[in-house]
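*Asks:* The structure file structure16.pdb (PDB, C-alpha atoms) is provided below.
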```pdb
ATOM      1  CA  MET P   1      -8.882   9.322 -15.172  1.00  0.00           C
ATOM      2  CA  SER P   2     -10.902   9.088 -11.946  1.00  0.00           C
ATOM      3  CA  LEU P   3     -10.417  11.572  -9.103  1.00  0.00           C
ATOM      4  CA  TYR P   4      -9.065   8.802  -6.880  1.00  0.00           C
ATOM      5  CA  LEU P   5      -6.233   8.100  -9.327  1.00  0.00           C
ATOM      6  CA  THR P   6      -5.642  11.723 -10.322  1.00  0.00           C
ATOM      7  CA  HIS P   7      -5.235  12.854  -6.705  1.00  0.00           C
ATOM      8  CA  ARG P   8      -3.430   9.785  -5.362  1.00  0.00           C
ATOM      9  CA  PRO P   9      -0.539  10.898  -3.095  1.00  0.00           C
ATOM     10  CA  SER P  10       2.923  10.314  -4.553  1.00  0.00           C
ATOM     11  CA  SER P  11       4.911  11.168  -1.409  1.00  0.00           C
ATOM     12  CA  PHE P  12       4.537  10.858   2.350  1.00  0.00           C
ATOM     13  CA  ALA P  13       4.106  14.650   2.548  1.00  0.00           C
ATOM     14  CA  GLU P  14       0.907  14.385   0.486  1.00  0.00           C
ATOM     15  CA  VAL P  15      -0.708  11.652   2.621  1.00  0.00           C
ATOM     16  CA  ILE P  16      -3.631  12.901   4.709  1.00  0.00           C
ATOM     17  CA  GLY P  17      -4.340  10.927   7.889  1.00  0.00           C
ATOM     18  CA  ASN P  18      -2.497   7.964   9.397  1.00  0.00           C
ATOM     19  CA  SER P  19       0.208  10.381  10.583  1.00  0.00           C
ATOM     20  CA  GLN P  20       1.741   7.897  13.034  1.00  0.00           C
ATOM     21  CA  VAL P  21       2.164   5.297  10.269  1.00  0.00           C
ATOM     22  CA  VAL P  22       3.696   7.897   7.955  1.00  0.00           C
ATOM     23  CA  GLU P  23       6.108   9.154  10.633  1.00  0.00           C
ATOM     24  CA  SER P  24       7.146   5.615  11.610  1.00  0.00           C
ATOM     25  CA  LEU P  25       7.776   4.658   7.981  1.00  0.00           C
ATOM     26  CA  GLN P  26       9.778   7.822   7.299  1.00  0.00           C
ATOM     27  CA  THR P  27      11.982   7.060  10.316  1.00  0.00           C
ATOM     28  CA  LEU P  28      12.407   3.411   9.340  1.00  0.00           C
ATOM     29  CA  LEU P  29      13.170   4.160   5.693  1.00  0.00           C
ATOM     30  CA  SER P  30      15.745   6.804   6.574  1.00  0.00           C
ATOM     31  CA  LYS P  31      17.952   4.176   8.217  1.00  0.00           C
ATOM     32  CA  LYS P  32      21.013   2.823   6.427  1.00  0.00           C
ATOM     33  CA  ASN P  33      19.575  -0.713   6.244  1.00  0.00           C
ATOM     34  CA  PRO P  34      15.761  -0.540   6.253  1.00  0.00           C
ATOM     35  CA  PRO P  35      13.715  -3.752   6.613  1.00  0.00           C
ATOM     36  CA  HIS P  36      13.119  -5.846   3.502  1.00  0.00           C
ATOM     37  CA  ALA P  37       9.524  -6.850   4.354  1.00  0.00           C
ATOM     38  CA  TYR P  38       6.510  -4.653   5.172  1.00  0.00           C
ATOM     39  CA  LEU P  39       2.945  -5.620   6.081  1.00  0.00           C
ATOM     40  CA  LEU P  40       0.232  -2.984   5.605  1.00  0.00           C
ATOM     41  CA  ILE P  41      -3.064  -3.785   7.317  1.00  0.00           C
ATOM     42  CA  GLY P  42      -6.370  -1.967   7.027  1.00  0.00           C
ATOM     43  CA  PRO P  43      -9.843  -1.825   5.479  1.00  0.00           C
ATOM     44  CA  THR P  44     -10.393  -1.523   1.728  1.00  0.00           C
ATOM     45  CA  GLY P  45      -9.787   1.925   0.275  1.00  0.00           C
ATOM     46  CA  CYS P  46      -7.791   3.404   3.165  1.00  0.00           C
ATOM     47  CA  GLY P  47      -4.503   3.843   1.296  1.00  0.00           C
ATOM     48  CA  LYS P  48      -2.487   0.630   1.733  1.00  0.00           C
ATOM     49  CA  THR P  49      -1.468   0.321  -1.918  1.00  0.00           C
ATOM     50  CA  THR P  50      -0.753   4.043  -2.151  1.00  0.00           C
ATOM     51  CA  VAL P  51       1.535   3.909   0.886  1.00  0.00           C
ATOM     52  CA  GLY P  52       3.151   0.754  -0.520  1.00  0.00           C
ATOM     53  CA  ARG P  53       4.000   2.621  -3.737  1.00  0.00           C
ATOM     54  CA  ILE P  54       5.468   5.502  -1.737  1.00  0.00           C
ATOM     55  CA  ILE P  55       7.592   3.030   0.265  1.00  0.00           C
ATOM     56  CA  ALA P  56       8.917   1.590  -3.001  1.00  0.00           C
ATOM     57  CA  ASP P  57       9.708   5.035  -4.360  1.00  0.00           C
ATOM     58  CA  THR P  58      11.451   6.059  -1.124  1.00  0.00           C
ATOM     59  CA  LEU P  59      13.583   2.903  -1.269  1.00  0.00           C
ATOM     60  CA  GLY P  60      14.759   3.970  -4.734  1.00  0.00           C
ATOM     61  CA  CYS P  61      12.683   1.578  -6.824  1.00  0.00           C
ATOM     62  CA  ARG P  62      11.896   2.876 -10.314  1.00  0.00           C
ATOM     63  CA  GLY P  63       9.849   1.897 -13.357  1.00  0.00           C
ATOM     64  CA  SER P  64       9.670  -1.769 -14.245  1.00  0.00           C
ATOM     65  CA  ASP P  65      11.564  -2.773 -11.095  1.00  0.00           C
ATOM     66  CA  TYR P  66       8.287  -2.212  -9.212  1.00  0.00           C
ATOM     67  CA  ARG P  67       5.654  -4.937  -9.535  1.00  0.00           C
ATOM     68  CA  GLU P  68       2.182  -5.301  -8.069  1.00  0.00           C
ATOM     69  CA  VAL P  69       0.630  -8.742  -7.653  1.00  0.00           C
ATOM     70  CA  ASP P  70      -3.079  -9.192  -6.914  1.00  0.00           C
ATOM     71  CA  SER P  71      -3.366 -12.324  -4.805  1.00  0.00           C
ATOM     72  CA  ALA P  72      -7.097 -12.439  -5.431  1.00  0.00           C
ATOM     73  CA  GLU P  73      -6.218 -13.514  -8.988  1.00  0.00           C
ATOM     74  CA  MET P  74      -2.708 -14.985  -8.671  1.00  0.00           C
ATOM     75  CA  ARG P  75      -2.767 -16.729  -5.337  1.00  0.00           C
ATOM     76  CA  GLY P  76      -0.850 -19.977  -5.932  1.00  0.00           C
ATOM     77  CA  ILE P  77       2.670 -21.188  -5.360  1.00  0.00           C
ATOM     78  CA  ASP P  78       3.616 -20.618  -9.019  1.00  0.00           C
ATOM     79  CA  THR P  79       3.248 -16.863  -8.497  1.00  0.00           C
ATOM     80  CA  ILE P  80       5.699 -16.930  -5.579  1.00  0.00           C
ATOM     81  CA  ARG P  81       8.092 -19.187  -7.496  1.00  0.00           C
ATOM     82  CA  ASP P  82       8.091 -16.645 -10.323  1.00  0.00           C
ATOM     83  CA  ILE P  83       8.822 -13.796  -7.881  1.00  0.00           C
ATOM     84  CA  LYS P  84      11.706 -15.803  -6.360  1.00  0.00           C
ATOM     85  CA  LYS P  85      13.126 -16.423  -9.838  1.00  0.00           C
ATOM     86  CA  GLN P  86      12.798 -12.766 -10.859  1.00  0.00           C
ATOM     87  CA  ALA P  87      14.299 -11.625  -7.534  1.00  0.00           C
ATOM     88  CA  THR P  88      17.665 -13.088  -8.527  1.00  0.00           C
ATOM     89  CA  PHE P  89      18.042 -10.370 -11.198  1.00  0.00           C
ATOM     90  CA  GLN P  90      19.415  -6.951 -10.327  1.00  0.00           C
ATOM     91  CA  ALA P  91      17.352  -3.755 -10.676  1.00  0.00           C
ATOM     92  CA  LEU P  92      17.329  -2.217 -14.155  1.00  0.00           C
ATOM     93  CA  GLU P  93      16.085   1.322 -13.529  1.00  0.00           C
ATOM     94  CA  GLY P  94      16.620   2.083  -9.844  1.00  0.00           C
ATOM     95  CA  SER P  95      18.595   0.857  -6.859  1.00  0.00           C
ATOM     96  CA  CYS P  96      16.278  -2.022  -5.902  1.00  0.00           C
ATOM     97  CA  ARG P  97      13.356  -4.221  -6.927  1.00  0.00           C
ATOM     98  CA  VAL P  98      10.041  -4.191  -5.045  1.00  0.00           C
ATOM     99  CA  TRP P  99       7.044  -6.512  -5.142  1.00  0.00           C
ATOM    100  CA  LEU P 100       3.773  -5.360  -3.614  1.00  0.00           C
ATOM    101  CA  ILE P 101       1.479  -8.322  -3.006  1.00  0.00           C
ATOM    102  CA  ASP P 102      -2.076  -7.049  -2.581  1.00  0.00           C
ATOM    103  CA  GLU P 103      -4.788  -9.062  -0.787  1.00  0.00           C
ATOM    104  CA  CYS P 104      -1.972 -11.355   0.365  1.00  0.00           C
ATOM    105  CA  HIS P 105      -4.297 -13.201   2.773  1.00  0.00           C
ATOM    106  CA  LYS P 106      -5.836 -14.898  -0.282  1.00  0.00           C
ATOM    107  CA  MET P 107      -2.612 -16.773  -1.047  1.00  0.00           C
ATOM    108  CA  THR P 108      -2.796 -20.540  -0.615  1.00  0.00           C
ATOM    109  CA  ASN P 109      -1.003 -22.107   2.344  1.00  0.00           C
ATOM    110  CA  ASP P 110       1.686 -23.496   0.006  1.00  0.00           C
ATOM    111  CA  ALA P 111       2.200 -20.045  -1.509  1.00  0.00           C
ATOM    112  CA  GLN P 112       2.506 -18.480   1.934  1.00  0.00           C
ATOM    113  CA  ASN P 113       5.118 -21.032   2.957  1.00  0.00           C
ATOM    114  CA  ALA P 114       7.058 -20.407  -0.253  1.00  0.00           C
ATOM    115  CA  LEU P 115       6.883 -16.662   0.420  1.00  0.00           C
ATOM    116  CA  LEU P 116       8.168 -17.229   3.943  1.00  0.00           C
ATOM    117  CA  LYS P 117      11.367 -18.724   2.549  1.00  0.00           C
ATOM    118  CA  LEU P 118      11.869 -15.617   0.394  1.00  0.00           C
ATOM    119  CA  LEU P 119      11.275 -13.375   3.420  1.00  0.00           C
ATOM    120  CA  GLU P 120      13.805 -15.363   5.425  1.00  0.00           C
ATOM    121  CA  ASP P 121      16.494 -15.013   2.765  1.00  0.00           C
ATOM    122  CA  THR P 122      15.714 -11.840   0.825  1.00  0.00           C
ATOM    123  CA  PRO P 123      18.396 -10.615  -1.594  1.00  0.00           C
ATOM    124  CA  ASP P 124      19.900  -7.250  -0.631  1.00  0.00           C
ATOM    125  CA  HIS P 125      18.308  -5.518  -3.637  1.00  0.00           C
ATOM    126  CA  VAL P 126      14.784  -6.902  -3.077  1.00  0.00           C
ATOM    127  CA  TYR P 127      11.946  -5.630  -0.886  1.00  0.00           C
ATOM    128  CA  ILE P 128       8.533  -7.214  -0.328  1.00  0.00           C
ATOM    129  CA  ILE P 129       5.417  -5.234   0.635  1.00  0.00           C
ATOM    130  CA  LEU P 130       2.295  -7.129   1.676  1.00  0.00           C
ATOM    131  CA  ALA P 131      -1.141  -5.499   1.890  1.00  0.00           C
ATOM    132  CA  THR P 132      -4.199  -7.131   3.438  1.00  0.00           C
ATOM    133  CA  THR P 133      -7.654  -6.477   4.827  1.00  0.00           C
ATOM    134  CA  ASP P 134      -7.554  -9.773   6.767  1.00  0.00           C
ATOM    135  CA  PRO P 135      -4.168 -10.411   8.453  1.00  0.00           C
ATOM    136  CA  GLN P 136      -5.603 -13.266  10.534  1.00  0.00           C
ATOM    137  CA  LYS P 137      -5.483 -15.473   7.443  1.00  0.00           C
ATOM    138  CA  LEU P 138      -1.711 -15.095   7.117  1.00  0.00           C
ATOM    139  CA  ILE P 139       0.491 -17.701   8.741  1.00  0.00           C
ATOM    140  CA  PRO P 140       2.040 -16.240  11.936  1.00  0.00           C
ATOM    141  CA  THR P 141       5.601 -16.732  10.704  1.00  0.00           C
ATOM    142  CA  ILE P 142       5.005 -14.367   7.764  1.00  0.00           C
ATOM    143  CA  LYS P 143       3.677 -11.679  10.096  1.00  0.00           C
ATOM    144  CA  GLY P 144       6.696 -12.229  12.322  1.00  0.00           C
ATOM    145  CA  ARG P 145       9.055 -11.506   9.415  1.00  0.00           C
ATOM    146  CA  CYS P 146       7.461  -8.162   8.494  1.00  0.00           C
ATOM    147  CA  SER P 147       7.455  -4.645   9.875  1.00  0.00           C
ATOM    148  CA  THR P 148       3.717  -4.195  10.374  1.00  0.00           C
ATOM    149  CA  PHE P 149       1.714  -0.983   9.995  1.00  0.00           C
ATOM    150  CA  SER P 150      -2.028  -0.612  10.574  1.00  0.00           C
ATOM    151  CA  MET P 151      -3.828   1.863   8.342  1.00  0.00           C
ATOM    152  CA  THR P 152      -7.048   3.298   9.734  1.00  0.00           C
ATOM    153  CA  PRO P 153      -9.977   5.155   8.140  1.00  0.00           C
ATOM    154  CA  LEU P 154      -9.689   8.940   8.087  1.00  0.00           C
ATOM    155  CA  LYS P 155     -11.262  11.031  10.822  1.00  0.00           C
ATOM    156  CA  ASP P 156     -13.985  13.473   9.748  1.00  0.00           C
ATOM    157  CA  LYS P 157     -11.612  16.460  10.000  1.00  0.00           C
ATOM    158  CA  GLU P 158      -9.007  14.680   7.846  1.00  0.00           C
ATOM    159  CA  MET P 159     -11.616  13.670   5.285  1.00  0.00           C
ATOM    160  CA  HIS P 160     -12.869  17.235   5.085  1.00  0.00           C
ATOM    161  CA  LYS P 161      -9.281  18.415   4.443  1.00  0.00           C
ATOM    162  CA  LEU P 162      -8.873  15.846   1.664  1.00  0.00           C
ATOM    163  CA  LEU P 163     -12.164  16.739  -0.019  1.00  0.00           C
ATOM    164  CA  ARG P 164     -11.512  20.490   0.139  1.00  0.00           C
ATOM    165  CA  LYS P 165      -8.047  19.961  -1.365  1.00  0.00           C
ATOM    166  CA  VAL P 166      -9.436  17.939  -4.274  1.00  0.00           C
ATOM    167  CA  VAL P 167     -12.386  20.270  -4.906  1.00  0.00           C
ATOM    168  CA  SER P 168     -10.057  23.290  -4.851  1.00  0.00           C
ATOM    169  CA  SER P 169      -7.581  21.686  -7.248  1.00  0.00           C
ATOM    170  CA  GLU P 170     -10.474  20.926  -9.609  1.00  0.00           C
ATOM    171  CA  SER P 171     -11.441  24.638  -9.449  1.00  0.00           C
ATOM    172  CA  ASP P 172     -14.862  23.812  -8.073  1.00  0.00           C
ATOM    173  CA  LYS P 173     -16.965  24.593  -4.991  1.00  0.00           C
ATOM    174  CA  LEU P 174     -19.274  22.561  -2.775  1.00  0.00           C
ATOM    175  CA  GLU P 175     -21.810  23.420  -0.119  1.00  0.00           C
ATOM    176  CA  ILE P 176     -20.887  22.398   3.429  1.00  0.00           C
ATOM    177  CA  GLU P 177     -23.918  20.067   3.498  1.00  0.00           C
ATOM    178  CA  VAL P 178     -22.491  18.143   0.533  1.00  0.00           C
ATOM    179  CA  TYR P 179     -19.119  17.797   2.244  1.00  0.00           C
ATOM    180  CA  ASN P 180     -20.823  16.494   5.373  1.00  0.00           C
ATOM    181  CA  GLN P 181     -22.902  13.971   3.430  1.00  0.00           C
ATOM    182  CA  ILE P 182     -19.857  12.609   1.576  1.00  0.00           C
ATOM    183  CA  ILE P 183     -17.925  12.323   4.840  1.00  0.00           C
ATOM    184  CA  GLN P 184     -20.814  10.443   6.419  1.00  0.00           C
ATOM    185  CA  ASP P 185     -21.308   8.093   3.461  1.00  0.00           C
ATOM    186  CA  SER P 186     -17.611   7.329   2.876  1.00  0.00           C
ATOM    187  CA  LEU P 187     -17.092   5.837   6.358  1.00  0.00           C
ATOM    188  CA  GLY P 188     -13.580   7.276   6.515  1.00  0.00           C
ATOM    189  CA  HIS P 189     -12.309   5.624   3.344  1.00  0.00           C
ATOM    190  CA  PRO P 190     -10.604   8.094   0.964  1.00  0.00           C
ATOM    191  CA  ARG P 191     -11.315   6.026  -2.150  1.00  0.00           C
ATOM    192  CA  ASN P 192     -15.034   5.858  -1.300  1.00  0.00           C
ATOM    193  CA  ALA P 193     -15.131   9.593  -0.675  1.00  0.00           C
ATOM    194  CA  LEU P 194     -13.524  10.509  -3.986  1.00  0.00           C
ATOM    195  CA  GLN P 195     -15.741   8.093  -5.884  1.00  0.00           C
ATOM    196  CA  ILE P 196     -18.817   9.681  -4.293  1.00  0.00           C
ATOM    197  CA  LEU P 197     -17.424  13.172  -4.987  1.00  0.00           C
ATOM    198  CA  GLU P 198     -16.904  12.270  -8.632  1.00  0.00           C
TER     199      GLU P 198
END
```
Please express the file's structure as structure tokens.
*Replies:*
Amino acid sequence: MSLYLTHRPSSFAEVIGNSQVVESLQTLLSKKNPPHAYLLIGPTGCGKTTVGRIIADTLGCRGSDYREVDSAEMRGIDTIRDIKKQATFQALEGSCRVWLIDECHKMTNDAQNALLKLLEDTPDHVYIILATTDPQKLIPTIKGRCSTFSMTPLKDKEMHKLLRKVVSSESDKLEIEVYNQIIQDSLGHPRNALQILE
């Protein structure tokens, strides 16, 4: 398994960087009735899907009740119709069902409008998480229905902390020049950095 997958955070406490997003989400999710729709915005490889999975886990979603949909491949209205149909069923393994729709800006206009209806009338046991690198391509009404969080690339200090943590856990050592080069080449994206490190 790649370093990026092996060292993927599984809780908010393990997330390095984006501290304001993490704190805001922790506050929101601790409420008795948290929102049912979340929109995670940010460049590729900055942790949107990882944070989405942590949101689902914090909500009490378990096992097969969690689904990820890649809109780059399944972008049509049939995908949303299937989600709406499945959303009528109760959770099997946890307290709720969660769909994370990745690259949601690639959904067709019809699919986005169908999704909007689900967001407007979401069953109590269902939560929708949207992740996108290009929020401008979403219809405004979808954005208006979601609690939105902007993920940003890691700062150099944060990236250095991440790399040192991974290198240490792998029982290895690196020269400071290597750390600096990886930080420079990764452009603040954790996935890039760990792929380069590997």
*Asks:* Here's a test: counting all atoms listed in the file, identify every protein, DNA and RNA residue with an atom at most 10 Å from (-11.7, 3.4, -4.1) in the file's coordinate frame, and state them as a VMD selection string.
*Replies:* chain P and resid 2 to 5 44 to 47 186 189 to 196
*Asks:* Which protein, DNA or RNA residues are at most 8 Å from (7.5, -7.3, -8.8) in the file's coordinates when you count only C-alpha atoms, listed as a list of chain:residue names?
*Replies:* P:Asp65, P:Tyr66, P:Arg67, P:Glu68, P:Val69, P:Ile83, P:Gln86, P:Arg97, P:Val98, P:Trp99, P:Leu100
*Asks:* Have a look at CA of Gln112 in chain P and CA of Ala37 in chain P and let me know their distance in Å, one decimal.
*Replies:*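 Atom-to-atom, CA of Gln112 in chain P and CA of Ala37 in chain P are spaced 13.8 Å apart.
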*Asks:* For Gly42 in chain P, work out the shell of residues within 12 Å, counting all atoms listed in the file and skipping chain neighbours fewer than 6 positions away, then give it as an mmCIF file with C-alpha atoms, in the frame of the given file.
*Replies:*
```
data_model
loop_
_atom_site.group_PDB
_atom_site.id
_atom_site.type_symbol
_atom_site.label_atom_id
_atom_site.label_comp_id
_atom_site.auth_asym_id
_atom_site.auth_seq_id
_atom_site.Cartn_x
_atom_site.Cartn_y
_atom_site.Cartn_z
ATOM 1 C CA ASN P 18 -2.497 7.964 9.397
ATOM 2 C CA VAL P 21 2.164 5.297 10.269
ATOM 3 C CA LYS P 48 -2.487 0.630 1.733
ATOM 4 C CA THR P 49 -1.468 0.321 -1.918
ATOM 5 C CA VAL P 51 1.535 3.909 0.886
ATOM 6 C CA ASP P 102 -2.076 -7.049 -2.581
ATOM 7 C CA GLU P 103 -4.788 -9.062 -0.787
ATOM 8 C CA LEU P 130 2.295 -7.129 1.676
ATOM 9 C CA ALA P 131 -1.141 -5.499 1.890
ATOM 10 C CA THR P 132 -4.199 -7.131 3.438
ATOM 11 C CA THR P 133 -7.654 -6.477 4.827
ATOM 12 C CA ASP P 134 -7.554 -9.773 6.767
ATOM 13 C CA PRO P 135 -4.168 -10.411 8.453
ATOM 14 C CA GLN P 136 -5.603 -13.266 10.534
ATOM 15 C CA THR P 148 3.717 -4.195 10.374
ATOM 16 C CA PHE P 149 1.714 -0.983 9.995
ATOM 17 C CA SER P 150 -2.028 -0.612 10.574
ATOM 18 C CA MET P 151 -3.828 1.863 8.342
ATOM 19 C CA THR P 152 -7.048 3.298 9.734
ATOM 20 C CA PRO P 153 -9.977 5.155 8.140
ATOM 21 C CA LEU P 154 -9.689 8.940 8.087
ATOM 22 C CA GLY P 188 -13.580 7.276 6.515
ATOM 23 C CA HIS P 189 -12.309 5.624 3.344
#
```
*Asks:* Suppose you want the space between CA of Lys173 in chain P and CA of Ser11 in chain P; what is it in Å?
*Replies:* 25.9 Å
*Asks:* Expand the PyMOL selection byres ((chain P and resi 90) around 12) into the explicit residue set it covers here, and present it as JSON, numbers by chain.
*Replies:* {"P": [61, 64, 65, 85, 86, 87, 88, 89, 91, 92, 93, 94, 95, 96, 97, 98, 123, 124, 125, 126]}
*Asks:* Write the selection just made, keeping C-alpha atoms, as a compact mmCIF listing (two decimals), in the frame of the given file?
*Replies:*
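Saved as part-v4.txt:
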```txt
# COMPACT_ATOMS: atom_id res chain seq x y z
CA CYS P 61 12.68 1.58 -6.82
CA SER P 64 9.67 -1.77 -14.24
CA ASP P 65 11.56 -2.77 -11.10
CA LYS P 85 13.13 -16.42 -9.84
CA GLN P 86 12.80 -12.77 -10.86
CA ALA P 87 14.30 -11.62 -7.53
CA THR P 88 17.66 -13.09 -8.53
CA PHE P 89 18.04 -10.37 -11.20
CA ALA P 91 17.35 -3.76 -10.68
CA LEU P 92 17.33 -2.22 -14.16
CA GLU P 93 16.08 1.32 -13.53
CA GLY P 94 16.62 2.08 -9.84
CA SER P 95 18.60 0.86 -6.86
CA CYS P 96 16.28 -2.02 -5.90
CA ARG P 97 13.36 -4.22 -6.93
CA VAL P 98 10.04 -4.19 -5.04
CA PRO P 123 18.40 -10.62 -1.59
CA ASP P 124 19.90 -7.25 -0.63
CA HIS P 125 18.31 -5.52 -3.64
CA VAL P 126 14.78 -6.90 -3.08
```
*Asks:* Quote the spacing between CA of Glu198 in chain P and CA of Ile54 in chain P in Å to one decimal place.
*Replies:*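 Distance between the two atoms: 24.4 Å.
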*Asks:* Using all atoms listed in the file, find the one residue out of P:Ile101, P:Tyr127, P:Thr50, P:Cys146 that sits nearest to Glu14 in chain P.
*Replies:* P:Thr50
